[in-house]
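So the structure is just underneath, and the comments pick up after that.
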Amino acid sequence: MYRLKSCTQLKNKGARYALFNWLISFNRSRSVHSLPFATVKTEELSGSQPTEVQNLVQGKWTSSSNWNIIVDPLNGEPFIKVAEVDETGLQPFVESLSKCPKHGLHNPFKAPERYLMFGDISAKAAYQLSLPEVSDFFSKLIQRVAPKSYQQALGEVYVTQKFLENFCGDQVRFLARSFAVPGNHLGQQSHGFRWPYGPVAIITPFNFPLEIPLLQLMGALYMGNKPVVKVDSKVCIVMEQMIRLLHDCGLPMEDVDFINSDGNTMNKLLKEVGY
């Protein structure tokens, strides 16, 4: 193993970023993670062993020519490189969301088997989060980017796991239960159905990097919506890893888009799609 100077010890800015990029590619390729979905090791995440957060659009993880460098709250060294989408890179996200019709990816009359699919995904994800090594991974990852004790971070993982547990099996289908009201005369009835909106957006803050975005995301998916998720860039690595876990549990790659951007870019995306 070569001994390298810290990024902050290099005076030349270009050399700093070149070393930073090399360290990311080196860390991604040098070993196989014990968790099949994970692209980072929480114990090793640091300025000398940084990582990268990507975007997800149209079923593919993508990088960007623009980067938001997140510094380690413990020592100020750059340790996470977030691929940020600017206004010129929004078109793939607009196209992805526009492909989803207003009646959603599924509803009571369209692809009802997807309700069962999400029950299975929830069961697998709940089981994964119940494993000590997985709950420890997310707890420590939350700690690296948010000011929480281990118990506070573990509590967030626990609440998320229990939510997923509550929507295993037939529970997603039951969530879509409809109703009927008798009419004024024979043969007349009023029926109501829980219906998706189609393309939707989820924008979440920094204080609960896993619980808030995951609960909102799954609720949107259960009912047939196509969400784009935007998490505060300082903590977005947590949700990126969670989405990778969901893919490992059977979530179709095209069902969710994940974007990193500033507020103006996200606002333009919302206007382009017509939210």
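We name chains A, B, ... following the order of the structure tokens; residues begin at 1 in each chain, and ligands are numbered from 1 as shown.
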
Quiz item: Looking only at the backbone, which of the residues in segment 35-156 of chain A does DSSP tag as strand (DSSP E), as a list in words?
Solution: Thr51, Glu52, Val53, Asn55, Leu56, Val57, Lys60, Trp61, Thr62, Asn66, Trp67, Asn68, Ile69, Ile70, Val71, Pro78, Phe79, Ile80, Lys81, Val82, Ala83 and Glu84 of chain A

I need the residues from that last selection saved to file as a PDB file, in the first residue's frame (with N, CA and C atoms), if you can.
```
ATOM      1  N   THR A  51     -15.173   8.684  -1.318  1.00  0.00           N
ATOM      2  CA  THR A  51     -16.111   7.949  -2.161  1.00  0.00           C
ATOM      3  C   THR A  51     -16.922   8.926  -3.002  1.00  0.00           C
ATOM      4  N   GLU A  52     -17.738   8.382  -3.875  1.00  0.00           N
ATOM      5  CA  GLU A  52     -18.515   9.176  -4.829  1.00  0.00           C
ATOM      6  C   GLU A  52     -19.990   8.824  -4.738  1.00  0.00           C
ATOM      7  N   VAL A  53     -20.850   9.847  -4.826  1.00  0.00           N
ATOM      8  CA  VAL A  53     -22.296   9.657  -4.875  1.00  0.00           C
ATOM      9  C   VAL A  53     -22.758   9.949  -6.297  1.00  0.00           C
ATOM     10  N   ASN A  55     -25.863   9.807  -9.567  1.00  0.00           N
ATOM     11  CA  ASN A  55     -27.274  10.030  -9.861  1.00  0.00           C
ATOM     12  C   ASN A  55     -27.854   8.772 -10.507  1.00  0.00           C
ATOM     13  N   LEU A  56     -29.155   8.611 -10.372  1.00  0.00           N
ATOM     14  CA  LEU A  56     -29.853   7.483 -11.000  1.00  0.00           C
ATOM     15  C   LEU A  56     -30.956   8.033 -11.892  1.00  0.00           C
ATOM     16  N   VAL A  57     -30.896   7.711 -13.175  1.00  0.00           N
ATOM     17  CA  VAL A  57     -31.921   8.179 -14.100  1.00  0.00           C
ATOM     18  C   VAL A  57     -32.096   7.157 -15.214  1.00  0.00           C
ATOM     19  N   LYS A  60     -30.200   3.842 -14.832  1.00  0.00           N
ATOM     20  CA  LYS A  60     -28.737   3.765 -14.856  1.00  0.00           C
ATOM     21  C   LYS A  60     -28.134   4.746 -13.852  1.00  0.00           C
ATOM     22  N   TRP A  61     -27.087   4.275 -13.159  1.00  0.00           N
ATOM     23  CA  TRP A  61     -26.310   5.148 -12.284  1.00  0.00           C
ATOM     24  C   TRP A  61     -25.335   5.942 -13.137  1.00  0.00           C
ATOM     25  N   THR A  62     -25.316   7.267 -12.951  1.00  0.00           N
ATOM     26  CA  THR A  62     -24.487   8.132 -13.794  1.00  0.00           C
ATOM     27  C   THR A  62     -23.672   9.093 -12.930  1.00  0.00           C
ATOM     28  N   ASN A  66     -19.904  17.991 -13.091  1.00  0.00           N
ATOM     29  CA  ASN A  66     -19.948  18.942 -11.972  1.00  0.00           C
ATOM     30  C   ASN A  66     -19.949  18.177 -10.660  1.00  0.00           C
ATOM     31  N   TRP A  67     -19.186  18.678  -9.689  1.00  0.00           N
ATOM     32  CA  TRP A  67     -19.051  17.966  -8.427  1.00  0.00           C
ATOM     33  C   TRP A  67     -19.260  18.891  -7.246  1.00  0.00           C
ATOM     34  N   ASN A  68     -19.924  18.371  -6.249  1.00  0.00           N
ATOM     35  CA  ASN A  68     -20.070  19.066  -4.968  1.00  0.00           C
ATOM     36  C   ASN A  68     -19.245  18.281  -3.954  1.00  0.00           C
ATOM     37  N   ILE A  69     -18.184  18.889  -3.457  1.00  0.00           N
ATOM     38  CA  ILE A  69     -17.272  18.205  -2.546  1.00  0.00           C
ATOM     39  C   ILE A  69     -17.749  18.408  -1.111  1.00  0.00           C
ATOM     40  N   ILE A  70     -18.048  17.304  -0.430  1.00  0.00           N
ATOM     41  CA  ILE A  70     -18.493  17.342   0.960  1.00  0.00           C
ATOM     42  C   ILE A  70     -17.287  17.088   1.855  1.00  0.00           C
ATOM     43  N   VAL A  71     -17.093  17.954   2.851  1.00  0.00           N
ATOM     44  CA  VAL A  71     -15.938  17.809   3.732  1.00  0.00           C
ATOM     45  C   VAL A  71     -16.307  16.989   4.961  1.00  0.00           C
ATOM     46  N   PRO A  78     -11.891  16.863   2.413  1.00  0.00           N
ATOM     47  CA  PRO A  78     -12.903  16.396   1.447  1.00  0.00           C
ATOM     48  C   PRO A  78     -12.958  14.880   1.428  1.00  0.00           C
ATOM     49  N   PHE A  79     -14.159  14.315   1.627  1.00  0.00           N
ATOM     50  CA  PHE A  79     -14.235  12.854   1.674  1.00  0.00           C
ATOM     51  C   PHE A  79     -15.411  12.263   0.911  1.00  0.00           C
ATOM     52  N   ILE A  80     -16.317  13.096   0.407  1.00  0.00           N
ATOM     53  CA  ILE A  80     -17.405  12.610  -0.444  1.00  0.00           C
ATOM     54  C   ILE A  80     -17.517  13.539  -1.655  1.00  0.00           C
ATOM     55  N   LYS A  81     -17.569  12.950  -2.812  1.00  0.00           N
ATOM     56  CA  LYS A  81     -17.686  13.683  -4.070  1.00  0.00           C
ATOM     57  C   LYS A  81     -19.065  13.402  -4.655  1.00  0.00           C
ATOM     58  N   VAL A  82     -19.934  14.413  -4.663  1.00  0.00           N
ATOM     59  CA  VAL A  82     -21.319  14.257  -5.112  1.00  0.00           C
ATOM     60  C   VAL A  82     -21.439  14.740  -6.554  1.00  0.00           C
ATOM     61  N   ALA A  83     -21.889  13.852  -7.436  1.00  0.00           N
ATOM     62  CA  ALA A  83     -22.100  14.208  -8.841  1.00  0.00           C
ATOM     63  C   ALA A  83     -23.350  15.071  -8.949  1.00  0.00           C
ATOM     64  N   GLU A  84     -23.179  16.350  -9.236  1.00  0.00           N
ATOM     65  CA  GLU A  84     -24.309  17.278  -9.279  1.00  0.00           C
ATOM     66  C   GLU A  84     -24.763  17.529 -10.710  1.00  0.00           C
TER      67      GLU A  84
END
```

For segment 89-142 of chain A versus segment 211-228 of chain A, which residues have an atom no more than 9 Å away, and what is each residue's nearest atom pair and distance in Å rounded to one decimal, using only C-alpha atoms, chain-then-number order, as a tab-separated table?
```
residue	atom	partner	partner_atom	distance
A:Phe93	CA	A:Val228	CA	8.2
A:Leu97	CA	A:Lys226	CA	6.9
A:Cys100	CA	A:Lys226	CA	6.6
A:Lys102	CA	A:Asn225	CA	8.7
A:His103	CA	A:Gly224	CA	8.1
A:Gly104	CA	A:Gly224	CA	5.1
A:Leu105	CA	A:Gly224	CA	4.9
A:His106	CA	A:Gly224	CA	4.6
A:Asn107	CA	A:Gly224	CA	6.1
A:Arg114	CA	A:Gly224	CA	8.3
A:Tyr115	CA	A:Tyr222	CA	6.6
A:Phe118	CA	A:Tyr222	CA	6.4
A:Gly119	CA	A:Tyr222	CA	8.5
A:Ser122	CA	A:Met218	CA	8.6
```

Practice problem: With a distance cut-off of 10 Å and only C-alpha atoms, select the neighbouring residues of Leu35 of chain A, excluding the residue or stretch itself and same-chain residues fewer than 6 positions from it, and output the selection as number ranges by chain. | Solution: A: 41, 133-134, 137, 245

Exercise. Give me the residues within 12 Å of Asp136 of chain A as a list in words, counting only C-alpha atoms and dropping any in the same chain fewer than 2 places off.
Key: Leu35, Lys41, Thr42, Glu43, Gln128, Leu129, Ser130, Leu131, Pro132, Glu133, Val134, Phe138, Ser139, Lys140, Leu141, Ile142, Gln143, Tyr150, Gln151, Ala153, Leu154, Gly155, Glu156, Val157 and Tyr158 of chain A

Self-check item: Minimum-distance residue to Phe109 of chain A, chosen among A:Asn267, A:Ser178, A:Thr204, A:Ser34 (using only C-alpha atoms)
Solution: A:Ser178

Quiz item: Which one of A:Ile121, A:Val159, A:Ala146, A:Leu116 sits closest to Phe174 of chain A if you count only C-alpha atoms?
Solution: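 Answer, going by the shortest atom-to-atom distance: A:Leu116.
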
Practice problem: Excluding Val145 of chain A and any residue of its chain fewer than 3 positions from it, enumerate the residues within 9 Å of it, using only C-alpha atoms, and give them as number ranges by chain. | Solution: A: 72-73, 141-142, 148, 206, 209, 234-238

Quiz item: Using only C-alpha atoms, which residue out of A:Gly169, A:Gly274, A:Gly187, A:Gly198 lies closest to Met117 of chain A?
Solution: A:Gly169
